[in-house]
file start15.cif (mmCIF, C-alpha atoms)
data_run
loop_
_atom_site.label_atom_id
_atom_site.label_comp_id
_atom_site.auth_asym_id
_atom_site.auth_seq_id
_atom_site.Cartn_x
_atom_site.Cartn_y
_atom_site.Cartn_z
CA MET A 294 -10.09 -12.34 14.92
CA ASN A 295 -6.70 -11.12 13.67
CA ILE A 296 -4.82 -13.57 11.46
CA VAL A 297 -1.07 -13.39 10.88
CA VAL A 298 -0.15 -14.43 7.34
CA ALA A 299 3.51 -15.03 6.43
CA SER A 300 5.15 -16.17 3.21
CA SER A 301 8.63 -17.09 2.05
CA SER A 302 10.80 -16.49 -1.01
CA VAL A 303 11.38 -20.23 -1.35
CA ASP A 304 8.66 -22.79 -2.04
CA GLY A 305 7.65 -23.06 1.62
CA GLY A 306 3.99 -22.12 1.34
CA ILE A 307 2.09 -19.59 3.43
CA GLY A 308 1.54 -19.90 7.18
CA CYS A 309 -1.53 -18.51 9.00
CA TRP A 310 -1.84 -18.13 12.78
CA ASP A 311 -4.32 -16.58 15.19
CA LEU A 312 -2.51 -13.55 16.62
CA GLN A 313 -4.27 -13.77 20.00
CA THR A 314 -4.02 -17.51 20.68
CA GLY A 315 -1.07 -18.49 18.50
CA ALA A 316 -3.03 -21.40 17.01
CA GLU A 317 -2.19 -22.30 13.43
CA GLN A 318 -5.20 -21.76 11.17
CA LEU A 319 -4.11 -23.10 7.80
CA ARG A 320 -0.96 -23.75 5.83
CA TYR A 321 -1.08 -22.98 2.13
CA LYS A 322 1.06 -25.03 -0.20
CA THR A 323 3.33 -24.13 -3.11
CA CYS A 324 4.17 -20.47 -2.74
CA ALA A 325 7.42 -18.65 -3.49
CA SER A 326 6.57 -15.00 -3.05
CA THR A 327 8.44 -11.83 -3.90
CA PRO A 328 9.06 -9.11 -1.28
CA HIS A 329 5.83 -7.09 -0.86
CA GLY A 330 4.15 -9.65 -3.11
CA LEU A 331 1.56 -10.91 -0.58
CA THR A 332 -1.70 -9.04 0.02
CA SER A 333 -5.18 -9.57 1.43
CA VAL A 334 -7.90 -8.56 -1.02
CA GLY A 335 -10.68 -6.98 1.03
CA SER A 336 -10.08 -9.67 3.71
CA ARG A 337 -11.93 -12.05 1.34
CA PHE A 338 -8.94 -13.95 -0.06
CA LEU A 339 -5.17 -13.85 -0.40
CA ALA A 340 -3.23 -12.92 -3.53
CA CYS A 341 0.48 -13.50 -4.03
CA SER A 342 2.90 -12.83 -6.88
CA GLN A 343 5.21 -15.71 -7.77
CA LEU A 344 8.70 -15.41 -9.21
CA ARG A 345 10.74 -18.53 -8.62
CA ASP A 346 13.66 -17.52 -10.86
CA PRO A 347 14.81 -13.87 -10.64
CA SER A 348 15.96 -14.05 -14.27
CA ALA A 349 12.64 -15.43 -15.52
CA THR A 350 10.72 -13.54 -18.19
CA SER A 351 7.32 -14.61 -16.89
CA GLY A 352 5.63 -15.03 -13.54
CA HIS A 353 2.16 -15.58 -12.18
CA VAL A 354 -0.26 -14.45 -9.49
CA LEU A 355 -2.11 -16.94 -7.29
CA TYR A 356 -5.36 -16.61 -5.31
CA TRP A 357 -6.12 -18.59 -2.15
CA SER A 358 -9.43 -18.76 -0.32
CA TRP A 359 -9.56 -19.05 3.47
CA SER A 360 -10.87 -22.61 3.30
CA LYS A 361 -8.53 -24.57 1.03
CA PRO A 362 -4.74 -25.04 1.18
CA GLN A 363 -4.31 -25.15 -2.61
CA ALA A 364 -4.23 -22.14 -4.91
CA GLN A 365 -7.57 -21.94 -6.70
CA VAL A 366 -6.98 -19.19 -9.29
CA LYS A 367 -3.82 -18.71 -11.34
CA SER A 368 -3.12 -15.62 -13.47
CA PHE A 369 -0.37 -15.00 -16.01
CA PRO A 370 0.33 -11.26 -16.40
CA ALA A 371 2.25 -9.86 -19.36
CA GLU A 372 5.47 -9.75 -17.33
CA PRO A 373 6.74 -10.88 -13.90
CA ILE A 374 5.00 -8.97 -11.11
CA LYS A 375 6.95 -8.16 -7.94
CA PRO A 376 4.89 -6.09 -5.45
CA LEU A 377 1.12 -6.52 -5.16
CA ALA A 378 -1.36 -4.29 -3.33
CA ALA A 379 -5.14 -4.09 -3.03
CA ASN A 380 -7.28 -1.15 -2.00
CA SER A 381 -9.16 -1.38 1.30
CA GLU A 382 -12.45 -2.47 -0.27
CA GLY A 383 -10.77 -5.13 -2.40
CA THR A 384 -12.11 -3.75 -5.68
CA TYR A 385 -8.71 -3.18 -7.32
CA ILE A 386 -5.38 -5.00 -7.40
CA VAL A 387 -2.23 -3.22 -8.55
CA GLY A 388 1.02 -4.91 -9.49
CA GLY A 389 4.49 -3.59 -10.21
CA GLY A 390 6.44 -5.10 -13.07
CA LEU A 391 10.13 -5.70 -13.68
CA SER A 392 9.95 -3.20 -16.56
CA GLY A 393 8.83 -0.38 -14.27
CA ASP A 394 5.21 -0.57 -15.44
CA ILE A 395 2.27 -0.55 -13.02
CA TYR A 396 -0.85 -2.62 -13.78
CA LEU A 397 -4.28 -1.96 -12.28
CA TRP A 398 -6.94 -4.67 -12.45
CA GLU A 399 -10.59 -4.78 -11.46
CA VAL A 400 -10.93 -7.69 -9.03
CA ALA A 401 -14.54 -8.70 -9.79
CA THR A 402 -13.94 -9.19 -13.53
CA GLY A 403 -10.17 -9.55 -13.76
CA ARG A 404 -10.11 -6.77 -16.36
CA LEU A 405 -6.87 -4.85 -16.84
CA LEU A 406 -8.21 -1.31 -16.47
CA LYS A 407 -4.99 0.69 -16.64
CA LYS A 408 -1.30 0.21 -17.32
CA TRP A 409 1.34 2.94 -17.30
CA HIS A 410 5.11 3.29 -17.25
CA ALA A 411 5.95 4.43 -13.74
CA HIS A 412 9.71 3.92 -13.26
CA TYR A 413 12.89 3.36 -15.21
CA ARG A 414 13.65 0.13 -13.35
CA ALA A 415 11.66 -2.58 -11.57
CA VAL A 416 8.92 -1.54 -9.13
CA THR A 417 9.72 -2.71 -5.57
CA CYS A 418 6.89 -1.28 -3.40
CA LEU A 419 3.24 -0.33 -3.83
CA VAL A 420 1.08 1.26 -1.11
CA PHE A 421 -2.40 2.81 -1.21
CA SER A 422 -3.10 5.89 0.91
CA GLU A 423 -5.54 5.43 3.77
CA ASP A 424 -8.47 6.78 1.72
CA ASP A 425 -7.38 4.84 -1.42
CA SER A 426 -7.18 8.03 -3.49
CA LEU A 427 -3.40 7.89 -3.92
CA LEU A 428 -0.99 5.12 -4.89
CA ILE A 429 2.65 5.37 -3.78
CA SER A 430 5.31 3.38 -5.63
CA GLY A 431 9.00 2.75 -5.00
CA SER A 432 11.55 1.38 -7.42
CA GLU A 433 15.03 -0.01 -7.92
CA ASP A 434 15.88 3.34 -9.50
CA GLY A 435 15.66 4.94 -6.02
CA CYS A 436 12.62 7.01 -6.95
CA ILE A 437 9.32 7.26 -5.08
CA ARG A 438 6.27 8.50 -6.97
CA VAL A 439 2.80 9.46 -5.81
CA TRP A 440 -0.08 8.78 -8.22
CA SER A 441 -3.62 10.17 -8.06
CA LEU A 442 -6.05 7.45 -9.09
CA PHE A 443 -8.50 10.17 -10.03
CA LEU A 444 -6.05 11.38 -12.68
CA ILE A 445 -5.17 7.83 -13.77
CA PHE A 446 -8.84 7.16 -14.58
CA ASP A 447 -9.51 10.54 -16.20
CA ASP A 448 -8.50 10.06 -19.84
CA VAL A 449 -8.97 13.74 -20.75
CA ARG A 450 -6.76 15.07 -17.96
CA ARG A 451 -4.20 12.33 -18.65
CA GLN A 452 -3.78 13.59 -22.20
CA GLN A 453 -3.42 17.18 -21.01
CA ALA A 454 -1.01 16.49 -18.14
CA SER A 455 2.74 16.75 -18.69
CA HIS A 456 3.22 13.78 -16.33
CA LEU A 457 0.90 11.43 -14.48
CA TYR A 458 2.43 11.55 -11.01
CA GLU A 459 1.57 14.06 -8.30
CA TYR A 460 5.07 14.01 -6.80
CA SER A 461 8.38 12.40 -7.66
CA PHE A 462 10.82 12.02 -4.76
CA THR A 463 14.38 11.35 -5.95
CA GLU A 464 16.44 11.84 -2.78
CA HIS A 465 17.22 8.14 -2.28
CA THR A 466 20.40 7.09 -4.07
CA LEU A 467 19.81 3.32 -4.13
CA ARG A 468 16.91 0.85 -4.39
CA VAL A 469 13.79 1.62 -2.34
CA THR A 470 13.14 -1.35 -0.05
CA ASP A 471 9.93 -0.40 1.77
CA ILE A 472 7.27 2.31 2.12
CA VAL A 473 4.76 2.71 4.94
CA LYS A 474 1.85 5.18 5.04
CA GLY A 475 0.49 7.24 7.92
CA TYR A 476 -3.06 8.33 8.66
CA GLY A 477 -4.86 11.25 7.05
CA GLY A 478 -5.24 10.26 3.38
CA GLY A 479 -3.69 12.97 1.20
CA ASN A 480 -2.46 14.85 4.29
CA ALA A 481 -0.55 11.89 5.69
CA ILE A 482 3.16 11.29 6.00
CA ILE A 483 4.97 8.34 4.46
CA VAL A 484 8.22 6.74 5.57
CA SER A 485 10.51 5.14 3.00
CA ALA A 486 13.56 2.90 3.38
CA SER A 487 16.40 2.31 0.95
CA GLU A 488 19.60 0.38 0.45
CA ASP A 489 21.40 3.71 0.91
CA ARG A 490 20.96 3.08 4.70
CA THR A 491 18.49 5.92 5.16
CA CYS A 492 14.83 6.25 6.03
CA LYS A 493 13.09 9.39 4.85
CA VAL A 494 9.87 10.97 6.08
CA TRP A 495 7.75 12.75 3.47
CA SER A 496 4.68 15.00 3.55
CA LEU A 497 2.06 13.98 0.98
CA SER A 498 0.22 17.31 1.21
CA ARG A 499 3.32 19.42 0.58
CA GLY A 500 5.40 17.03 -1.47
CA ARG A 501 8.52 17.67 0.54
CA LEU A 502 11.08 15.85 2.66
CA LEU A 503 10.57 16.28 6.40
CA ARG A 504 13.21 13.96 7.88
CA ASN A 505 16.33 12.10 6.76
CA ILE A 506 17.54 9.45 9.21
CA VAL A 507 20.76 7.51 8.66
CA PHE A 508 21.12 3.98 10.07
CA PRO A 509 24.19 1.81 10.73
CA SER A 510 22.87 -0.94 8.43
CA ILE A 511 20.63 -1.30 5.38
CA ILE A 512 16.93 -1.10 6.26
CA ASP A 513 14.61 -3.53 4.45
CA ALA A 514 11.37 -2.99 6.40
CA VAL A 515 9.58 -0.18 8.23
CA ALA A 516 6.46 -0.02 10.42
CA LEU A 517 4.82 3.11 11.78
CA ASP A 518 3.45 3.52 15.28
CA PRO A 519 -0.29 4.43 15.01
CA GLY A 520 0.36 7.55 17.09
CA GLU A 521 3.10 8.50 14.60
CA HIS A 522 5.56 9.27 17.39
CA VAL A 523 8.09 6.63 16.34
CA PHE A 524 8.68 4.16 13.54
CA TYR A 525 10.44 0.81 13.53
CA ALA A 526 13.18 -0.08 11.03
CA GLY A 527 14.19 -3.70 10.41
CA SER A 528 17.82 -3.95 9.34
CA ARG A 529 20.17 -6.47 7.81
CA ASP A 530 22.19 -6.63 11.02
CA GLY A 531 19.23 -8.41 12.68
CA LYS A 532 18.13 -5.45 14.79
CA ILE A 533 14.88 -3.49 14.75
CA TYR A 534 15.75 0.16 15.35
CA ILE A 535 13.29 2.55 16.99
CA ALA A 536 13.45 6.04 15.48
CA GLU A 537 11.69 9.08 16.86
CA LEU A 538 9.86 11.23 14.32
CA ASN A 539 9.91 14.42 16.38
CA ALA A 540 13.48 14.31 17.64
CA THR A 541 15.55 17.48 17.37
CA SER A 542 17.18 17.61 13.95
CA SER A 543 20.80 18.36 13.14
CA THR A 544 22.79 19.28 10.06
CA SER A 545 25.09 16.31 10.64
CA ASN A 546 24.51 13.15 8.58
CA GLY A 547 25.84 10.82 11.26
CA TYR A 548 23.57 7.98 12.24
CA GLY A 549 21.99 7.62 15.64
CA LEU A 550 20.60 11.17 15.91
CA HIS A 551 16.96 10.02 15.86
CA ILE A 552 17.45 6.41 17.02
CA ILE A 553 16.18 6.00 20.57
CA GLY A 554 16.48 2.22 20.96
CA SER A 555 16.44 -1.17 19.28
CA LEU A 556 14.93 -4.65 19.55
CA SER A 557 17.35 -7.54 19.16
CA ASP A 558 16.54 -11.24 18.91
CA HIS A 559 16.70 -12.25 15.26
CA SER A 560 19.85 -14.11 14.27
CA LYS A 561 19.62 -13.02 10.62
CA PRO A 562 18.43 -9.92 8.71
CA VAL A 563 14.96 -8.59 9.43
CA THR A 564 13.01 -8.65 6.16
CA CYS A 565 9.47 -7.50 7.02
CA LEU A 566 7.49 -5.72 9.74
CA ALA A 567 3.80 -5.25 10.52
CA TYR A 568 2.04 -3.36 13.30
CA SER A 569 -1.18 -4.40 15.02
CA ALA A 570 -2.91 -1.46 16.71
CA GLU A 571 -4.95 -3.89 18.81
CA GLY A 572 -2.69 -4.56 21.73
CA ASN A 573 0.16 -2.41 20.34
CA LEU A 574 2.01 -5.38 18.89
CA LEU A 575 4.91 -5.30 16.43
CA LEU A 576 5.46 -8.34 14.21
CA SER A 577 8.83 -9.03 12.61
CA GLY A 578 9.89 -11.60 10.04
CA SER A 579 13.46 -12.63 9.30
CA GLU A 580 15.68 -14.76 7.16
CA ASP A 581 15.96 -17.02 10.21
CA GLY A 582 12.46 -18.33 9.34
CA MET A 583 10.78 -16.94 12.46
CA VAL A 584 7.96 -14.47 13.03
CA ARG A 585 8.24 -12.71 16.37
CA VAL A 586 5.47 -10.79 18.14
CA TRP A 587 6.74 -7.91 20.29
CA ASP A 588 4.96 -5.98 23.02
CA VAL A 589 6.22 -2.49 22.15
CA LYS A 590 5.63 -1.15 25.67
CA THR A 591 7.76 -3.76 27.44
CA GLN A 592 9.88 -4.58 24.35
CA ASN A 593 9.44 -8.26 25.17
CA ILE A 594 8.62 -11.10 22.78
CA ILE A 595 5.22 -12.52 23.69
CA ARG A 596 4.84 -15.07 20.88
CA MET A 597 6.83 -16.74 18.10
CA PHE A 598 5.72 -18.49 14.91
CA ARG A 599 8.00 -20.75 12.88
CA HIS A 600 7.54 -20.80 9.13
CA ALA A 601 7.58 -24.23 7.50
CA LYS A 602 10.57 -23.60 5.27
CA GLY A 603 13.01 -20.87 4.32
CA PRO A 604 13.21 -17.17 5.18
CA VAL A 605 10.11 -15.09 5.88
CA ASN A 606 9.79 -12.18 3.45
CA ASN A 607 6.17 -11.01 3.91
CA ILE A 608 3.87 -10.49 6.90
CA VAL A 609 0.25 -9.38 6.57
CA ILE A 610 -2.25 -8.94 9.42
CA VAL A 611 -5.82 -9.70 8.30
CA ARG A 612 -8.94 -9.13 10.36
CA ARG A 613 -11.32 -12.03 9.81
CA PRO A 614 -14.78 -12.61 11.33
CA ALA A 615 -14.91 -15.40 13.88
CA PRO A 616 -16.51 -18.65 12.59
CA PRO A 617 -20.23 -18.97 13.42
CA LEU A 618 -21.01 -20.93 16.57
CA ARG A 619 -24.62 -21.72 15.65
CA ALA A 620 -26.01 -23.59 12.68
CA GLU A 621 -26.48 -21.34 9.64
CA SER A 622 -29.70 -20.92 7.73
CA LYS A 623 -29.79 -21.70 4.01
CA GLU A 624 -29.73 -17.97 3.20
CA GLN A 625 -26.71 -17.37 5.46
CA PHE A 626 -24.89 -20.37 4.03
CA SER A 627 -25.61 -19.25 0.46
CA SER A 628 -24.40 -15.73 1.24
CA ARG A 629 -21.20 -16.97 2.88
CA ARG A 630 -20.57 -19.38 0.02
CA HIS A 631 -20.86 -16.47 -2.42
CA GLU A 632 -18.35 -14.45 -0.38
CA LEU A 633 -15.91 -17.36 -0.43
CA SER A 634 -16.07 -17.77 -4.21
CA LEU A 635 -13.01 -16.35 -5.91
CA PRO A 636 -13.02 -13.93 -8.86
CA PRO A 637 -11.69 -14.86 -12.33
CA PRO A 638 -7.98 -14.65 -13.26
CA LEU A 639 -6.36 -11.32 -14.06
CA GLU A 640 -6.23 -10.37 -17.71
CA LYS A 641 -2.87 -10.45 -19.45
CA TYR A 642 -3.70 -7.57 -21.78
CA ALA A 643 -6.41 -4.91 -21.88
CA ASN A 644 -9.30 -5.86 -24.18
CA SER A 645 -10.22 -2.31 -25.13
CA THR A 646 -9.04 -0.99 -28.52
CA ASP A 647 -8.69 2.49 -29.92
CA GLU A 648 -11.91 1.95 -31.90
CA ASP A 649 -13.76 1.06 -28.72
CA MET A 650 -12.46 4.19 -27.00
CA ASP A 651 -13.75 6.36 -29.88
CA ASN A 652 -17.28 5.02 -29.35
CA ARG A 653 -17.34 5.71 -25.60
CA THR A 654 -18.64 8.87 -23.99
CA ILE A 655 -16.04 10.33 -21.65
CA ILE A 656 -17.43 12.02 -18.54
CA THR A 657 -15.20 14.70 -17.07
CA LEU A 658 -15.47 16.66 -13.87
CA PRO A 659 -15.02 20.44 -13.52
CA ASP A 660 -11.42 21.61 -13.72
CA THR A 661 -9.71 20.84 -10.40
CA ARG A 662 -6.08 21.18 -11.47
CA ASP A 663 -5.44 23.78 -8.77
CA LEU A 664 -6.68 21.43 -6.05
CA PRO A 665 -4.91 18.38 -4.62
CA SER A 666 -6.36 15.10 -5.89
CA TYR A 667 -7.40 13.78 -2.48
CA LEU A 668 -10.65 12.25 -3.74
CA SER A 669 -11.90 8.94 -2.40
CA SER A 670 -11.99 5.60 -4.19
CA GLN A 671 -15.79 5.63 -3.94
CA LEU A 672 -15.91 8.52 -6.42
CA ILE A 673 -13.63 6.62 -8.79
CA ASN A 674 -15.84 3.52 -8.49
CA ASP A 675 -18.96 5.59 -9.18
CA HIS A 676 -17.44 7.03 -12.34
CA ILE A 677 -16.43 3.63 -13.70
CA LYS A 678 -19.96 2.32 -13.09
CA GLU A 679 -21.40 5.36 -14.83
CA LEU A 680 -19.22 4.74 -17.87
CA GLN A 681 -20.16 1.07 -17.99
CA GLN A 682 -23.89 1.56 -17.49
CA GLN A 683 -24.64 4.73 -19.47
CA GLY A 684 -27.17 4.49 -22.27
CA SER A 685 -28.29 7.14 -24.75
CA SER A 686 -26.47 10.42 -25.33
CA ALA A 687 -29.35 12.33 -23.73
CA ALA A 688 -29.11 10.20 -20.61
CA ALA A 689 -25.34 10.69 -20.57
CA GLU A 690 -25.78 14.48 -20.74
CA MET A 691 -28.19 14.36 -17.81
CA ASP A 692 -25.70 12.28 -15.88
CA VAL A 693 -22.98 14.81 -16.65
CA GLU A 694 -25.08 17.68 -15.29
CA ARG A 695 -25.93 15.73 -12.16
CA LEU A 696 -22.29 14.82 -11.61
CA LYS A 697 -21.23 18.45 -12.07
CA HIS A 698 -23.78 19.59 -9.50
CA ASP A 699 -22.77 16.89 -7.02
CA CYS A 700 -19.10 17.60 -7.60
CA LYS A 701 -19.58 21.32 -7.02
CA ARG A 702 -21.14 20.67 -3.63
CA SER A 703 -18.44 18.13 -2.79
CA MET A 704 -15.72 20.58 -3.75
CA GLN A 705 -17.18 23.29 -1.53
CA MET A 706 -17.16 20.92 1.41
CA PHE A 707 -13.70 19.70 0.45
CA LEU A 708 -12.29 23.23 0.36
CA LYS A 709 -13.55 23.89 3.87
CA LEU A 710 -11.96 20.69 5.15
CA LYS A 711 -8.77 21.38 3.21
CA LYS A 712 -8.45 24.83 4.76
CA THR A 713 -8.77 23.33 8.24
CA TYR A 714 -6.19 20.64 7.45
CA ASP A 715 -3.78 23.13 5.90
CA ASN A 716 -3.98 25.40 8.94
CA LEU A 717 -3.29 22.47 11.24
CA GLN A 718 -0.48 21.19 9.00
CA GLU A 719 1.08 24.67 8.81
CA PHE A 720 0.99 24.96 12.58
CA CYS A 721 2.58 21.53 13.12
CA ILE A 722 5.35 22.06 10.57
CA SER A 723 6.05 25.59 11.89
CA GLU A 724 6.38 24.19 15.41
CA LEU A 725 8.66 21.44 14.10
CA LEU A 726 10.91 23.85 12.16
CA ASP A 727 11.03 26.30 15.08
CA GLY A 728 12.14 23.48 17.33
CA GLU A 729 14.86 22.48 14.86
CA GLN A 730 16.17 26.05 14.58
CA LYS A 731 16.15 26.46 18.35
CA GLY A 732 17.96 23.17 18.80
CA GLY A 733 20.50 24.14 16.13
CA SER A 734 21.19 27.56 17.67
CA GLU A 735 21.67 26.03 21.11
CA GLY A 736 24.06 23.48 19.65
CA ASN A 737 26.12 26.19 17.93
CA SER A 738 26.29 28.52 20.95
CA PRO A 739 29.58 28.42 22.93
#

call {"tool": "encode", "arguments": {"input": "start15.cif", "output": "structure tokens"}}
result
Amino acid sequence: MNIVVASSSVDGGIGCWDLQTGAEQLRYKTCASTPHGLTSVGSRFLACSQLRDPSATSGHVLYWSWSKPQAQVKSFPAEPIKPLAANSEGTYIVGGGLSGDIYLWEVATGRLLKKWHAHYRAVTCLVFSEDDSLLISGSEDGCIRVWSLFLIFDDVRRQQASHLYEYSFTEHTLRVTDIVKGYGGGNAIIVSASEDRTCKVWSLSRGRLLRNIVFPSIIDAVALDPGEHVFYAGSRDGKIYIAELNATSSTSNGYGLHIIGSLSDHSKPVTCLAYSAEGNLLLSGSEDGMVRVWDVKTQNIIRMFRHAKGPVNNIVIVRRPAPPLRAESKEQFSSRRHELSLPPPLEKYANSTDEDMDNRTIITLPDTRDLPSYLSSQLINDHIKELQQQGSSAAAEMDVERLKHDCKRSMQMFLKLKKTYDNLQEFCISELLDGEQKGGSEGNSP
């Protein structure tokens, strides 16, 4: 069952509806979320950053279970948190601060594992790559940065690196308003939106700009078609523009070159978008307080949800298991009750000290600086568990040798896959550039 979850910037709570039937599931109370501040943590519970006063020096993060309308866990980070994101397994939560810092917590314990200065101004967007190996952040400074979690957790390589980010994209001239990821992990594309009225398409594998599309109005939300043929851009003029990714490019900066259509029904600015691959449905939220469900094939509205109060600023689609129809056994009930229990609050500060770090054995992998850091979150999780559970120095040395052997085999397999991906990527980009040059020469011919 797919659940639509929508929040508001005013204290209007969180609404939940069944996407297929339209039935309201639950309404959560007392929530004033920030843009991109609502996330589902492994589909187990909801987390939302709260910032009632934009000038406030403190904020908090709330947890809601799927069974109670009141917030059950309240955290007080070191500074106000704007965007929140969780990896697909729900093991980590990351938050972006007003100072430009990024915080990474372990969900099960609430421990603050890492904190680093990511941007010169407030963080506005946070997105994990499909394989959870990369974190992409956007900021009010107009910059987009790509972070390898493998490097973030590797203390030795962090000290040796001149900077922590994989790529830093600085082509936007104003605040970044939204970022959406494509499929393919480290080989995916991302689409970013900004108050400079542009959306830009980037290649994560090459670290370069592929497309620059200018719109007639500021874009606050983007959603990518699963086939990656088009993307949808929600604007402040109330329209949702449809832009084609593979349209013939031009040297002109005039808008409309890649825009092939629009959806119009909102009476106020469109603030958020979400795409459901099941049924090819586009969901849009607006300052008019409505959530609209669009059939992208017919471009018709098939369902509408009204939020209880105020503008809608976040939409999340969560896949939840259907409730059991038969009576549960004691074991099933106990297991489900354990799943519904919420983790502890997030730590305000990291507990580890410099003295503690000196007493820890640091496990490093073979030098991979010449390879892209497209490693999965499972490897990162395994390393953290190894560090937490290691015993004597002899056992640690044995673990190091085993990890080196396993990593060598993984790298060999990775290089084979990388070569295949690079060949395919090279072919696609060559075809794209050849098409652009052909289109440009035809346009310049008399």

call {"tool": "resolve_selection", "arguments": {"input": "start15.cif", "expression": "the PyMOL selection byres ((chain A and resi 331) around 9)", "output": "VMD selection string"}}
result
chain A and resid 298 to 300 326 to 330 332 to 333 339 to 342 376 to 378 607 to 609

call {"tool": "resolve_selection", "arguments": {"input": "start15.cif", "expression": "the PyMOL selection byres ((chain A and resi 467-476) around 9)", "output": "MDAnalysis selection string"}}
result
chainID A and resid 328:329 416:424 429:437 465:466 477:490 512:519 521 565

call {"tool": "atom_distance", "arguments": {"input": "start15.cif", "atom1": "atom CA of Thr384 of chain A", "atom2": "atom CA of Glu399 of chain A"}}
result
6.1 Å

call {"tool": "closest_residue", "arguments": {"input": "start15.cif", "among": "A:Gly527, A:Gly352, A:Ser360, A:Gly520", "to": "Thr491 of chain A", "atoms": "only C-alpha atoms"}}
result
A:Gly527

call {"tool": "resolve_selection", "arguments": {"input": "start15.cif", "expression": "the PyMOL selection byres ((chain A and resi 571-578) around 10)", "output": "ChimeraX atom specification"}}
result
/A:295,297,299-301,312-313,514-519,525,527,533,559,561-570,579-590,592,594-600,604-610

call {"tool": "atom_distance", "arguments": {"input": "start15.cif", "atom1": "atom CA of Leu503 of chain A", "atom2": "atom CA of Ser426 of chain A"}}
result
21.9 Å

call {"tool": "atom_distance", "arguments": {"input": "start15.cif", "atom1": "atom CA of Ser510 of chain A", "atom2": "atom CA of Val303 of chain A"}}
result
24.5 Å

call {"tool": "closest_residue", "arguments": {"input": "start15.cif", "among": "A:Tyr385, A:Phe462, A:Trp440, A:Tyr534", "to": "Leu406 of chain A", "atoms": "all atoms listed in the file"}}
result
A:Tyr385

call {"tool": "closest_residue", "arguments": {"input": "start15.cif", "among": "A:Ser555, A:Ser496, A:Ser368, A:Thr314", "to": "Gly403 of chain A", "atoms": "only C-alpha atoms"}}
result
A:Ser368

call {"tool": "closest_residue", "arguments": {"input": "start15.cif", "among": "A:Val611, A:Met706, A:Cys492, A:Ala364", "to": "Ile296 of chain A", "atoms": "only C-alpha atoms"}}
result
A:Val611

call {"tool": "residues_near_point", "arguments": {"input": "start15.cif", "point": "(12.9, 8.7, 10.2)", "cutoff": "6 Å", "atoms": "only C-alpha atoms", "output": "compact mmCIF listing (two decimals) with C-alpha atoms, keeping the file's coordinate frame"}}
result
# COMPACT_ATOMS: atom_id res chain seq x y z
CA CYS A 492 14.83 6.25 6.03
CA LYS A 493 13.09 9.39 4.85
CA VAL A 494 9.87 10.97 6.08
CA ARG A 504 13.21 13.96 7.88
CA ASN A 505 16.33 12.10 6.76
CA ILE A 506 17.54 9.45 9.21
CA ALA A 536 13.45 6.04 15.48
CA LEU A 538 9.86 11.23 14.32

call {"tool": "closest_residue", "arguments": {"input": "start15.cif", "among": "A:Val400, A:Gly388, A:Val334, A:Gly306", "to": "Lys322 of chain A", "atoms": "only C-alpha atoms"}}
result
A:Gly306

call {"tool": "closest_residue", "arguments": {"input": "start15.cif", "among": "A:Leu710, A:Ile511, A:Ala316, A:Ala401", "to": "Gly383 of chain A", "atoms": "only C-alpha atoms"}}
result
A:Ala401

call {"tool": "build_atoms", "arguments": {"input": "start15.cif", "residues": "segment 392-401 of chain A", "atoms": "N, CA and C atoms", "output": "PDB file, in the frame of the given file"}}
result
ATOM      1  N   SER A 392       9.650  -4.245 -15.574  1.00  0.00           N
ATOM      2  CA  SER A 392       9.950  -3.200 -16.560  1.00  0.00           C
ATOM      3  C   SER A 392       9.781  -1.800 -16.000  1.00  0.00           C
ATOM      4  N   GLY A 393       9.163  -1.689 -14.813  1.00  0.00           N
ATOM      5  CA  GLY A 393       8.830  -0.380 -14.270  1.00  0.00           C
ATOM      6  C   GLY A 393       7.392   0.019 -14.515  1.00  0.00           C
ATOM      7  N   ASP A 394       6.628  -0.842 -15.191  1.00  0.00           N
ATOM      8  CA  ASP A 394       5.210  -0.570 -15.440  1.00  0.00           C
ATOM      9  C   ASP A 394       4.374  -0.927 -14.213  1.00  0.00           C
ATOM     10  N   ILE A 395       3.250  -0.231 -14.050  1.00  0.00           N
ATOM     11  CA  ILE A 395       2.270  -0.550 -13.020  1.00  0.00           C
ATOM     12  C   ILE A 395       0.983  -0.978 -13.717  1.00  0.00           C
ATOM     13  N   TYR A 396       0.387  -2.070 -13.227  1.00  0.00           N
ATOM     14  CA  TYR A 396      -0.850  -2.620 -13.780  1.00  0.00           C
ATOM     15  C   TYR A 396      -1.951  -2.479 -12.736  1.00  0.00           C
ATOM     16  N   LEU A 397      -3.140  -2.095 -13.176  1.00  0.00           N
ATOM     17  CA  LEU A 397      -4.280  -1.960 -12.280  1.00  0.00           C
ATOM     18  C   LEU A 397      -5.437  -2.786 -12.836  1.00  0.00           C
ATOM     19  N   TRP A 398      -5.866  -3.777 -12.049  1.00  0.00           N
ATOM     20  CA  TRP A 398      -6.940  -4.670 -12.450  1.00  0.00           C
ATOM     21  C   TRP A 398      -8.187  -4.462 -11.605  1.00  0.00           C
ATOM     22  N   GLU A 399      -9.339  -4.711 -12.199  1.00  0.00           N
ATOM     23  CA  GLU A 399     -10.590  -4.780 -11.460  1.00  0.00           C
ATOM     24  C   GLU A 399     -10.736  -6.202 -10.939  1.00  0.00           C
ATOM     25  N   VAL A 400     -10.926  -6.366  -9.642  1.00  0.00           N
ATOM     26  CA  VAL A 400     -10.930  -7.690  -9.030  1.00  0.00           C
ATOM     27  C   VAL A 400     -12.121  -8.516  -9.496  1.00  0.00           C
ATOM     28  N   ALA A 401     -13.320  -7.928  -9.513  1.00  0.00           N
ATOM     29  CA  ALA A 401     -14.540  -8.700  -9.790  1.00  0.00           C
ATOM     30  C   ALA A 401     -14.525  -9.354 -11.159  1.00  0.00           C
TER      31      ALA A 401
END
